[in-house]
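First the structure, in the form of structure tokens, and then the observations on it.
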Amino acid sequence: MKNRILILALFALSAFGTGLQAGEVPAVGSPAPGFHLQDQNGDWHDLADYQGTWLAIYFYPKDDTPGCTTEACNFRDNIYAFKGIGAAVVGISVDDVDSHKEFSEKYKLPFIILADEDGAVAKDYGVLRDWKLVKIASRQSFLVNPEGVIIKHYADVDPDNHTQEVLNDLQGLIGESG
């Protein structure tokens, strides 16, 4: 219970911009920072695994919290639309593999969720919020093209409609490049 209260307090603080943002957000047009992280099943994934594929990378604060669940379930409900245009979806948070496994199984998430336990990847993407006692990834997303370049950064994400926004942007981008 104390952990949940602490996390809720930190979320409230983050809404007012407190907490240190670790790292700088990579610029649109720059190479996406690489990663080597485990998914909810303990399998390792690298950014290079997605070469040749459009990729939506979404960072989120905490498994099984209201906004994060809404966002994950919206990606789940639209996964066939993403696959239909040849795009992959990857979620990343600082939760561990076990937490991701429970979250993924509970909501039947059909995409990869990566465990960035030390926050290094979130820091590389400029989305890590560090309160010294607790670290979370802020809710931000990136579109990465098949060559590994960041094409779009979403700094202000609404969990209710973000998935559709990303899907619409990808459809436009893929139509332009195809």
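Naming works like this for the structure tokens: A, B, ... for the chains as they're shown, residue 1 at the start of each chain, ligands 1 onward in shown order.
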
Query raised in the report: Residues of segment 4-178 of chain A in helix (DSSP H, G or I) according to DSSP, as a PyMOL selection string?
Result: chain A and resi 4-15+47-50+66-77+79-84+97-107+120-124+162-177

Query - Test item: residues at most 9 Å from Leu128 of chain A, only C-alpha atoms, excluding those fewer than 2 positions along its chain, as JSON, numbers by chain - result: {"A": [20, 21, 22, 23, 94, 119, 120, 121, 122, 123, 124, 125, 126, 130, 135, 136, 137, 138]}

Write out, as a PDB file, in the first residue's frame, the residues just selected, with N, CA and C atoms.
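Final output, saved to selection-v9.pdb:
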```
ATOM      1  N   LEU A  20      13.595  15.333 -11.928  1.00  0.00           N
ATOM      2  CA  LEU A  20      14.618  15.621 -12.920  1.00  0.00           C
ATOM      3  C   LEU A  20      14.429  14.773 -14.157  1.00  0.00           C
ATOM      4  N   GLN A  21      14.471  15.425 -15.300  1.00  0.00           N
ATOM      5  CA  GLN A  21      14.446  14.673 -16.545  1.00  0.00           C
ATOM      6  C   GLN A  21      15.888  14.326 -16.854  1.00  0.00           C
ATOM      7  N   ALA A  22      16.167  13.040 -16.944  1.00  0.00           N
ATOM      8  CA  ALA A  22      17.524  12.590 -17.222  1.00  0.00           C
ATOM      9  C   ALA A  22      17.693  12.366 -18.713  1.00  0.00           C
ATOM     10  N   GLY A  23      18.687  12.988 -19.293  1.00  0.00           N
ATOM     11  CA  GLY A  23      18.961  12.807 -20.711  1.00  0.00           C
ATOM     12  C   GLY A  23      18.227  13.827 -21.562  1.00  0.00           C
ATOM     13  N   VAL A  94      10.383   1.140 -16.979  1.00  0.00           N
ATOM     14  CA  VAL A  94      11.456   0.709 -16.090  1.00  0.00           C
ATOM     15  C   VAL A  94      11.026  -0.435 -15.175  1.00  0.00           C
ATOM     16  N   GLY A 119      16.798   2.075 -16.378  1.00  0.00           N
ATOM     17  CA  GLY A 119      16.412   3.353 -16.945  1.00  0.00           C
ATOM     18  C   GLY A 119      17.365   3.895 -18.000  1.00  0.00           C
ATOM     19  N   ALA A 120      18.355   3.117 -18.409  1.00  0.00           N
ATOM     20  CA  ALA A 120      19.362   3.612 -19.356  1.00  0.00           C
ATOM     21  C   ALA A 120      18.766   3.977 -20.714  1.00  0.00           C
ATOM     22  N   VAL A 121      17.846   3.162 -21.215  1.00  0.00           N
ATOM     23  CA  VAL A 121      17.247   3.444 -22.518  1.00  0.00           C
ATOM     24  C   VAL A 121      16.312   4.651 -22.407  1.00  0.00           C
ATOM     25  N   ALA A 122      15.526   4.707 -21.341  1.00  0.00           N
ATOM     26  CA  ALA A 122      14.662   5.875 -21.129  1.00  0.00           C
ATOM     27  C   ALA A 122      15.516   7.136 -21.048  1.00  0.00           C
ATOM     28  N   LYS A 123      16.667   7.057 -20.419  1.00  0.00           N
ATOM     29  CA  LYS A 123      17.570   8.208 -20.335  1.00  0.00           C
ATOM     30  C   LYS A 123      18.080   8.576 -21.731  1.00  0.00           C
ATOM     31  N   ASP A 124      18.463   7.565 -22.527  1.00  0.00           N
ATOM     32  CA  ASP A 124      18.950   7.831 -23.885  1.00  0.00           C
ATOM     33  C   ASP A 124      17.898   8.524 -24.744  1.00  0.00           C
ATOM     34  N   TYR A 125      16.631   8.231 -24.483  1.00  0.00           N
ATOM     35  CA  TYR A 125      15.540   8.857 -25.223  1.00  0.00           C
ATOM     36  C   TYR A 125      15.039  10.144 -24.552  1.00  0.00           C
ATOM     37  N   GLY A 126      15.638  10.505 -23.423  1.00  0.00           N
ATOM     38  CA  GLY A 126      15.277  11.740 -22.745  1.00  0.00           C
ATOM     39  C   GLY A 126      13.936  11.702 -22.042  1.00  0.00           C
ATOM     40  N   ASP A 130      13.656  11.057 -12.812  1.00  0.00           N
ATOM     41  CA  ASP A 130      14.452  10.502 -11.725  1.00  0.00           C
ATOM     42  C   ASP A 130      14.239  11.313 -10.455  1.00  0.00           C
ATOM     43  N   LYS A 135      12.455   5.891 -10.136  1.00  0.00           N
ATOM     44  CA  LYS A 135      12.611   6.341 -11.519  1.00  0.00           C
ATOM     45  C   LYS A 135      11.440   5.788 -12.322  1.00  0.00           C
ATOM     46  N   ILE A 136      10.919   6.629 -13.227  1.00  0.00           N
ATOM     47  CA  ILE A 136       9.892   6.178 -14.157  1.00  0.00           C
ATOM     48  C   ILE A 136      10.193   6.773 -15.525  1.00  0.00           C
ATOM     49  N   ALA A 137       9.636   6.163 -16.540  1.00  0.00           N
ATOM     50  CA  ALA A 137       9.688   6.738 -17.884  1.00  0.00           C
ATOM     51  C   ALA A 137       8.446   7.588 -18.055  1.00  0.00           C
ATOM     52  N   SER A 138       8.611   8.785 -18.588  1.00  0.00           N
ATOM     53  CA  SER A 138       7.435   9.610 -18.853  1.00  0.00           C
ATOM     54  C   SER A 138       6.730   9.082 -20.095  1.00  0.00           C
TER      55      SER A 138
END
```

Requested in this report: Excluding Val89 of chain A and residues on its chain fewer than 2 positions from it, collect all residues at most 12 Å away from it, counting only C-alpha atoms, and give them as a PyMOL selection string.
Outcome: chain A and resi 47+50+53-59+71-72+74-76+78-83+85-87+91-92+109-114+141-144+163+166-167+170

Selection to disk with C-alpha atoms, as an mmCIF file, in the first residue's frame:
```cif
data_model
loop_
_atom_site.group_PDB
_atom_site.id
_atom_site.type_symbol
_atom_site.label_atom_id
_atom_site.label_comp_id
_atom_site.auth_asym_id
_atom_site.auth_seq_id
_atom_site.Cartn_x
_atom_site.Cartn_y
_atom_site.Cartn_z
ATOM 1 C CA LEU A 47 16.739 -1.937 -32.087
ATOM 2 C CA TYR A 50 13.513 -3.911 -36.342
ATOM 3 C CA THR A 53 10.363 -2.123 -40.324
ATOM 4 C CA TRP A 54 8.478 0.963 -39.208
ATOM 5 C CA LEU A 55 8.507 1.002 -35.412
ATOM 6 C CA ALA A 56 6.353 2.767 -32.824
ATOM 7 C CA ILE A 57 8.226 2.910 -29.509
ATOM 8 C CA TYR A 58 6.093 4.062 -26.627
ATOM 9 C CA PHE A 59 7.454 4.740 -23.160
ATOM 10 C CA GLU A 71 -2.676 3.046 -23.647
ATOM 11 C CA ALA A 72 -1.504 -0.588 -23.774
ATOM 12 C CA ASN A 74 -5.534 0.650 -27.198
ATOM 13 C CA PHE A 75 -2.345 -0.569 -28.887
ATOM 14 C CA ARG A 76 -3.577 -4.143 -28.330
ATOM 15 C CA ASN A 78 -5.292 -1.863 -32.966
ATOM 16 C CA ILE A 79 -2.377 -4.267 -33.382
ATOM 17 C CA TYR A 80 -3.760 -5.766 -36.606
ATOM 18 C CA ALA A 81 -3.956 -2.296 -38.157
ATOM 19 C CA PHE A 82 -0.276 -1.743 -37.273
ATOM 20 C CA LYS A 83 0.718 -5.156 -38.619
ATOM 21 C CA ILE A 85 0.766 -1.580 -42.693
ATOM 22 C CA GLY A 86 4.000 -3.355 -41.780
ATOM 23 C CA ALA A 87 4.655 -1.547 -38.512
ATOM 24 C CA GLY A 91 6.367 -0.585 -25.176
ATOM 25 C CA ILE A 92 9.159 0.288 -22.719
ATOM 26 C CA LEU A 109 -1.006 -7.777 -24.937
ATOM 27 C CA PRO A 110 0.134 -9.156 -28.331
ATOM 28 C CA PHE A 111 3.250 -7.010 -28.652
ATOM 29 C CA ILE A 112 6.664 -6.691 -27.034
ATOM 30 C CA ILE A 113 7.068 -4.834 -23.739
ATOM 31 C CA LEU A 114 10.680 -4.217 -22.817
ATOM 32 C CA SER A 141 6.523 7.986 -27.989
ATOM 33 C CA PHE A 142 8.736 7.871 -31.056
ATOM 34 C CA LEU A 143 8.198 6.743 -34.635
ATOM 35 C CA VAL A 144 11.282 5.152 -36.142
ATOM 36 C CA THR A 163 -2.760 4.917 -30.526
ATOM 37 C CA VAL A 166 0.288 7.112 -34.112
ATOM 38 C CA LEU A 167 -1.569 4.838 -36.514
ATOM 39 C CA LEU A 170 2.236 5.928 -39.740
#
```

Query raised in the report: Rounded to one decimal in Å, what is the spacing between atom CA of Ile174 of chain A and atom CA of Leu37 of chain A?
Result: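 Spanning atom CA of Ile174 of chain A to atom CA of Leu37 of chain A is a straight-line distance of 27.0 Å.
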
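Between atom CA of Gln51 of chain A and atom CA of Leu173 of chain A lies a distance of 16.5 Å.
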
Query - Atom-to-atom span, atom CA of Gly175 of chain A and atom CA of Val127 of chain A, Å - result: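 Between these atoms lies a distance of 29.1 Å.
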
Report task. With a distance cut-off of 7 Å and only C-alpha atoms, select the neighbouring residues of Asp46 of chain A, excluding the residue or stretch itself and same-chain residues fewer than 2 positions from it, and output the selection as JSON, numbers by chain. Result -> {"A": [34, 35, 36, 37, 44, 48, 49]}
